[in-house]
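Notes for the one structure printed next.
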Amino acid sequence: DFFHLGGDDMYVIVENLRKFLQDKKKSSKIPMLWGQWYLRGPNNGIAVSGGPGYTLNRAALSLFLTDIFPRCDVHYKTSAEDGTLSKCFRTLGITPEDTRDSLTGEQTYHGVRPDDLYTSTPSSGNRGSFQSKNMAFWATLPHPTNIS
């Protein structure tokens, strides 16, 4: 029913992914793309991040193989397949679904090491907590708790 793409440094808690996708089968005929959002720039829209992996339902995978892959940026060479995939889906009006928890804003897909998720001074740099909605990066996205 679903295709999940991730690298060799990705961790997946399979039970949590199954639980997250459980109610998504209802919309199986509509192409859907899930993952951690990131902004590709002011004019490039929202994309899914490849670091934590991303998930496509069967309809999205079929659309990718038949319509997107053969036609969209076929000669473009990049290691940023996540941004290209998102951009190509967007040309067909498909944008990544918001996978953050609707009550807390916490991410379902995490693009950082586990010890960086809950610390304010992560070992990999001065980014602040990825769970904080006040962080500059997340402040640019509408937060689920602020959406009516």
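In the structure tokens, the first chain shown is A, the next is B, and so on; residue numbers restart at 1 for each chain, and ligands run from 1 in the order shown.
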(message) Need to verify the contact set: His110 (chain A), 8 Å, only C-alpha atoms, exclusion of same-chain residues closer than 4 positions in sequence. Can you return it as a list of chain:residue names?
(response)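 Counting only the stated atoms, we get A:Gln36, A:Gly51, A:Pro52.
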(message) What's around Ala80 (chain A) at 12 Å? Count only C-alpha atoms, leave out sequence neighbours fewer than 6 positions away in its own chain, and write the answer as a list in words.
(response)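 The residues that qualify are Arg40, Ala47, Val48, Ser49, Gly50, Gly51, Ser86 and Lys87 of chain A.
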For all heavy atoms, I'd like the residues from the last selection saved as a PDB file, in the first residue's frame.
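Printed below is out-v4.pdb as written:
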```
ATOM      1  N   ARG A  40      12.234  25.014   0.422  1.00  0.00           N
ATOM      2  CA  ARG A  40      13.272  25.028  -0.606  1.00  0.00           C
ATOM      3  C   ARG A  40      13.650  26.445  -0.998  1.00  0.00           C
ATOM      4  O   ARG A  40      14.472  26.646  -1.849  1.00  0.00           O
ATOM      5  CB  ARG A  40      12.793  24.268  -1.841  1.00  0.00           C
ATOM      6  CG  ARG A  40      12.520  22.818  -1.562  1.00  0.00           C
ATOM      7  CD  ARG A  40      12.249  22.044  -2.834  1.00  0.00           C
ATOM      8  NE  ARG A  40      13.451  21.997  -3.643  1.00  0.00           N
ATOM      9  CZ  ARG A  40      13.458  22.201  -4.958  1.00  0.00           C
ATOM     10  NH1 ARG A  40      12.354  22.469  -5.596  1.00  0.00           N
ATOM     11  NH2 ARG A  40      14.577  22.137  -5.631  1.00  0.00           N
ATOM     12  N   ALA A  47       8.953  21.108   0.554  1.00  0.00           N
ATOM     13  CA  ALA A  47       9.404  19.813   0.051  1.00  0.00           C
ATOM     14  C   ALA A  47       9.503  18.842   1.218  1.00  0.00           C
ATOM     15  O   ALA A  47       9.458  19.244   2.376  1.00  0.00           O
ATOM     16  CB  ALA A  47      10.775  19.964  -0.615  1.00  0.00           C
ATOM     17  N   VAL A  48       9.613  17.558   0.906  1.00  0.00           N
ATOM     18  CA  VAL A  48       9.884  16.570   1.941  1.00  0.00           C
ATOM     19  C   VAL A  48      11.386  16.388   2.034  1.00  0.00           C
ATOM     20  O   VAL A  48      12.092  16.436   1.040  1.00  0.00           O
ATOM     21  CB  VAL A  48       9.205  15.210   1.672  1.00  0.00           C
ATOM     22  CG1 VAL A  48       7.712  15.300   1.823  1.00  0.00           C
ATOM     23  CG2 VAL A  48       9.574  14.650   0.317  1.00  0.00           C
ATOM     24  N   SER A  49      11.860  16.196   3.249  1.00  0.00           N
ATOM     25  CA  SER A  49      13.285  16.005   3.476  1.00  0.00           C
ATOM     26  C   SER A  49      13.631  14.535   3.324  1.00  0.00           C
ATOM     27  O   SER A  49      12.962  13.668   3.876  1.00  0.00           O
ATOM     28  CB  SER A  49      13.634  16.486   4.886  1.00  0.00           C
ATOM     29  OG  SER A  49      14.984  16.221   5.161  1.00  0.00           O
ATOM     30  N   GLY A  50      14.685  14.257   2.588  1.00  0.00           N
ATOM     31  CA  GLY A  50      15.107  12.876   2.367  1.00  0.00           C
ATOM     32  C   GLY A  50      15.794  12.254   3.563  1.00  0.00           C
ATOM     33  O   GLY A  50      15.820  11.036   3.702  1.00  0.00           O
ATOM     34  N   GLY A  51      16.347  13.082   4.466  1.00  0.00           N
ATOM     35  CA  GLY A  51      17.061  12.559   5.629  1.00  0.00           C
ATOM     36  C   GLY A  51      16.258  11.568   6.449  1.00  0.00           C
ATOM     37  O   GLY A  51      16.685  10.442   6.685  1.00  0.00           O
ATOM     38  N   SER A  86       9.709  16.475  -4.810  1.00  0.00           N
ATOM     39  CA  SER A  86       8.659  17.369  -4.313  1.00  0.00           C
ATOM     40  C   SER A  86       8.266  18.395  -5.367  1.00  0.00           C
ATOM     41  O   SER A  86       7.084  18.666  -5.574  1.00  0.00           O
ATOM     42  CB  SER A  86       9.125  18.078  -3.044  1.00  0.00           C
ATOM     43  OG  SER A  86       9.378  17.160  -2.013  1.00  0.00           O
ATOM     44  N   LYS A  87       9.268  18.962  -6.041  1.00  0.00           N
ATOM     45  CA  LYS A  87       8.996  19.958  -7.080  1.00  0.00           C
ATOM     46  C   LYS A  87       8.187  19.338  -8.220  1.00  0.00           C
ATOM     47  O   LYS A  87       7.227  19.931  -8.703  1.00  0.00           O
ATOM     48  CB  LYS A  87      10.307  20.529  -7.624  1.00  0.00           C
ATOM     49  CG  LYS A  87      10.101  21.607  -8.683  1.00  0.00           C
ATOM     50  CD  LYS A  87      11.401  22.051  -9.274  1.00  0.00           C
ATOM     51  CE  LYS A  87      11.667  21.148 -10.450  1.00  0.00           C
ATOM     52  NZ  LYS A  87      12.766  21.502 -11.287  1.00  0.00           N
TER      53      LYS A  87
END
```
(message) I'd like to know which of A:Leu39, A:Leu33, A:Val74, A:Ile68 is closest to Glu97 (chain A), using only C-alpha atoms.
(response)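 Result for the nearest residue to Glu97 (chain A): A:Leu33.
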(request) Find the residue from A:Asn16, A:Thr91, A:Asn57, A:Ser102 that sits nearest to Ser28 (chain A); use only C-alpha atoms when measuring. (result)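 Residue with the minimum atom-to-atom distance to Ser28 (chain A): A:Asn57.
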(request) Check the smallest atom-to-atom distance from each of A:Leu5, A:Leu103, A:Ala60, A:Leu85 to Ile30 (chain A) using only C-alpha atoms, then report the winner. (result)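 Looking at the shortest contact to Ile30 (chain A), the residue is A:Ala60.
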(request) Would you kindly return, as a PyMOL selection string, each protein, DNA or RNA residue with an atom no farther than 8 Å from any atom of Asp73 (chain A), considering only C-alpha atoms and excluding same-chain residues fewer than 3 positions away? (result) chain A and resi 76+84+88
(message) I'd like the neighbourhood of Leu61 (chain A) as a PyMOL selection string, where a residue qualifies if any of its atoms comes within 12 Å (using only C-alpha atoms), though same-chain residues fewer than 3 positions away should be ignored.
(response) chain A and resi 1-5+28-33+54-58+64-69+85+89
Output the selection as a short mmCIF file (atom, residue, chain, number, x, y, z; two decimals), in the first residue's frame - C-alpha atoms for each residue.
```
data_model
loop_
_atom_site.label_atom_id
_atom_site.label_comp_id
_atom_site.auth_asym_id
_atom_site.auth_seq_id
_atom_site.Cartn_x
_atom_site.Cartn_y
_atom_site.Cartn_z
CA ASP A 1 0.00 0.00 0.00
CA PHE A 2 2.92 2.37 0.69
CA PHE A 3 6.49 2.99 -0.47
CA HIS A 4 8.95 4.45 2.02
CA LEU A 5 12.31 5.74 0.83
CA SER A 28 -5.58 5.43 -1.30
CA LYS A 29 -6.89 6.61 -4.70
CA ILE A 30 -5.54 10.13 -4.17
CA PRO A 31 -1.76 10.53 -4.62
CA MET A 32 -0.29 11.36 -1.20
CA LEU A 33 3.24 12.22 -0.08
CA TYR A 54 9.45 9.99 2.99
CA THR A 55 6.44 7.88 2.17
CA LEU A 56 4.27 7.68 -0.93
CA ASN A 57 1.00 5.82 -1.21
CA ARG A 58 0.39 3.45 -4.12
CA PHE A 64 5.65 9.04 -10.14
CA LEU A 65 6.58 6.05 -12.30
CA THR A 66 4.20 6.77 -15.19
CA ASP A 67 4.02 10.57 -15.38
CA ILE A 68 6.69 12.25 -13.28
CA PHE A 69 9.84 10.17 -13.62
CA LEU A 85 10.66 14.80 -6.28
CA PHE A 89 4.83 16.41 -7.65
#
```
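Look at Phe20 (chain A): the protein and nucleic acid residues within 12 Å of it, using only C-alpha atoms and passing over chain neighbours fewer than 3 places away, are Phe2, Ile13, Val14, Glu15, Asn16, Leu17, Asp23, Lys24, Lys25, Trp34, Gly35, Thr55, Thr99, Arg100, Asp101, Gln107, Thr108 and Tyr109 of chain A.
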For the residues in that selection, give me C-alpha atoms as a PDB file, in the first residue's frame.
```pdb
ATOM      1  CA  PHE A   2       2.924   2.373   0.688  1.00  0.00           C
ATOM      2  CA  ILE A  13      10.122   2.525  14.265  1.00  0.00           C
ATOM      3  CA  VAL A  14       7.952   0.315  12.090  1.00  0.00           C
ATOM      4  CA  GLU A  15       5.054   0.128  14.560  1.00  0.00           C
ATOM      5  CA  ASN A  16       4.847   3.933  14.658  1.00  0.00           C
ATOM      6  CA  LEU A  17       4.971   4.222  10.858  1.00  0.00           C
ATOM      7  CA  ASP A  23      -5.957   5.734   8.566  1.00  0.00           C
ATOM      8  CA  LYS A  24      -4.273   6.968   5.375  1.00  0.00           C
ATOM      9  CA  LYS A  25      -5.561   3.944   3.430  1.00  0.00           C
ATOM     10  CA  TRP A  34       4.346  12.332   3.574  1.00  0.00           C
ATOM     11  CA  GLY A  35       7.584  13.386   5.217  1.00  0.00           C
ATOM     12  CA  THR A  55       6.437   7.881   2.166  1.00  0.00           C
ATOM     13  CA  THR A  99       2.827  15.164   9.255  1.00  0.00           C
ATOM     14  CA  ARG A 100       3.337  17.132  12.459  1.00  0.00           C
ATOM     15  CA  ASP A 101       1.205  16.267  15.473  1.00  0.00           C
ATOM     16  CA  GLN A 107       7.464  15.959  13.960  1.00  0.00           C
ATOM     17  CA  THR A 108       6.518  12.458  12.869  1.00  0.00           C
ATOM     18  CA  TYR A 109       9.540  12.274  10.552  1.00  0.00           C
TER      19      TYR A 109
END
```
(request) Any chance you could list, as a list in words, the residues in region 10-96 of chain A that come up strand (DSSP E or B) when DSSP is run on the backbone? (result) Leu33, Trp34, Gly35, Trp37, Tyr38, Leu39, Ile46, Ala47, Val48, Tyr54, Thr55, Leu56 and Asn57 of chain A
Can you spit out the residues from that selection as a PDB file, in the first residue's frame, using N, CA and C atoms?
```pdb
ATOM      1  N   LEU A  33       1.810  12.201  -0.385  1.00  0.00           N
ATOM      2  CA  LEU A  33       3.239  12.215  -0.084  1.00  0.00           C
ATOM      3  C   LEU A  33       3.414  12.724   1.343  1.00  0.00           C
ATOM      4  N   TRP A  34       4.139  11.965   2.175  1.00  0.00           N
ATOM      5  CA  TRP A  34       4.346  12.332   3.574  1.00  0.00           C
ATOM      6  C   TRP A  34       5.830  12.377   3.889  1.00  0.00           C
ATOM      7  N   GLY A  35       6.210  13.279   4.757  1.00  0.00           N
ATOM      8  CA  GLY A  35       7.584  13.386   5.217  1.00  0.00           C
ATOM      9  C   GLY A  35       7.768  14.666   6.004  1.00  0.00           C
ATOM     10  N   TRP A  37       8.671  18.332   6.437  1.00  0.00           N
ATOM     11  CA  TRP A  37       8.714  19.500   5.564  1.00  0.00           C
ATOM     12  C   TRP A  37      10.025  20.264   5.691  1.00  0.00           C
ATOM     13  N   TYR A  38      10.455  20.821   4.596  1.00  0.00           N
ATOM     14  CA  TYR A  38      11.467  21.867   4.637  1.00  0.00           C
ATOM     15  C   TYR A  38      11.175  22.841   3.511  1.00  0.00           C
ATOM     16  N   LEU A  39      11.613  24.064   3.684  1.00  0.00           N
ATOM     17  CA  LEU A  39      11.379  25.090   2.673  1.00  0.00           C
ATOM     18  C   LEU A  39      12.542  25.098   1.702  1.00  0.00           C
ATOM     19  N   ILE A  46       7.239  24.049  -0.378  1.00  0.00           N
ATOM     20  CA  ILE A  46       7.566  23.069   0.650  1.00  0.00           C
ATOM     21  C   ILE A  46       7.953  21.755  -0.015  1.00  0.00           C
ATOM     22  N   ALA A  47       8.953  21.108   0.554  1.00  0.00           N
ATOM     23  CA  ALA A  47       9.404  19.813   0.051  1.00  0.00           C
ATOM     24  C   ALA A  47       9.503  18.842   1.218  1.00  0.00           C
ATOM     25  N   VAL A  48       9.613  17.558   0.906  1.00  0.00           N
ATOM     26  CA  VAL A  48       9.884  16.570   1.941  1.00  0.00           C
ATOM     27  C   VAL A  48      11.386  16.388   2.034  1.00  0.00           C
ATOM     28  N   TYR A  54      10.786   9.523   3.317  1.00  0.00           N
ATOM     29  CA  TYR A  54       9.446   9.992   2.990  1.00  0.00           C
ATOM     30  C   TYR A  54       8.649   8.821   2.446  1.00  0.00           C
ATOM     31  N   THR A  55       7.345   8.973   2.478  1.00  0.00           N
ATOM     32  CA  THR A  55       6.437   7.881   2.166  1.00  0.00           C
ATOM     33  C   THR A  55       5.458   8.315   1.082  1.00  0.00           C
ATOM     34  N   LEU A  56       5.252   7.451   0.114  1.00  0.00           N
ATOM     35  CA  LEU A  56       4.273   7.678  -0.935  1.00  0.00           C
ATOM     36  C   LEU A  56       3.233   6.558  -0.860  1.00  0.00           C
ATOM     37  N   ASN A  57       1.979   6.899  -1.112  1.00  0.00           N
ATOM     38  CA  ASN A  57       1.003   5.823  -1.214  1.00  0.00           C
ATOM     39  C   ASN A  57       1.081   5.228  -2.620  1.00  0.00           C
TER      40      ASN A  57
END
```
(request) Enumerate, as number ranges by chain, the complete set of residues in region 10-111 of chain A that a backbone-based DSSP assignment places in helix (DSSP H, G or I). (result) A: 14-27, 58-68, 81-90
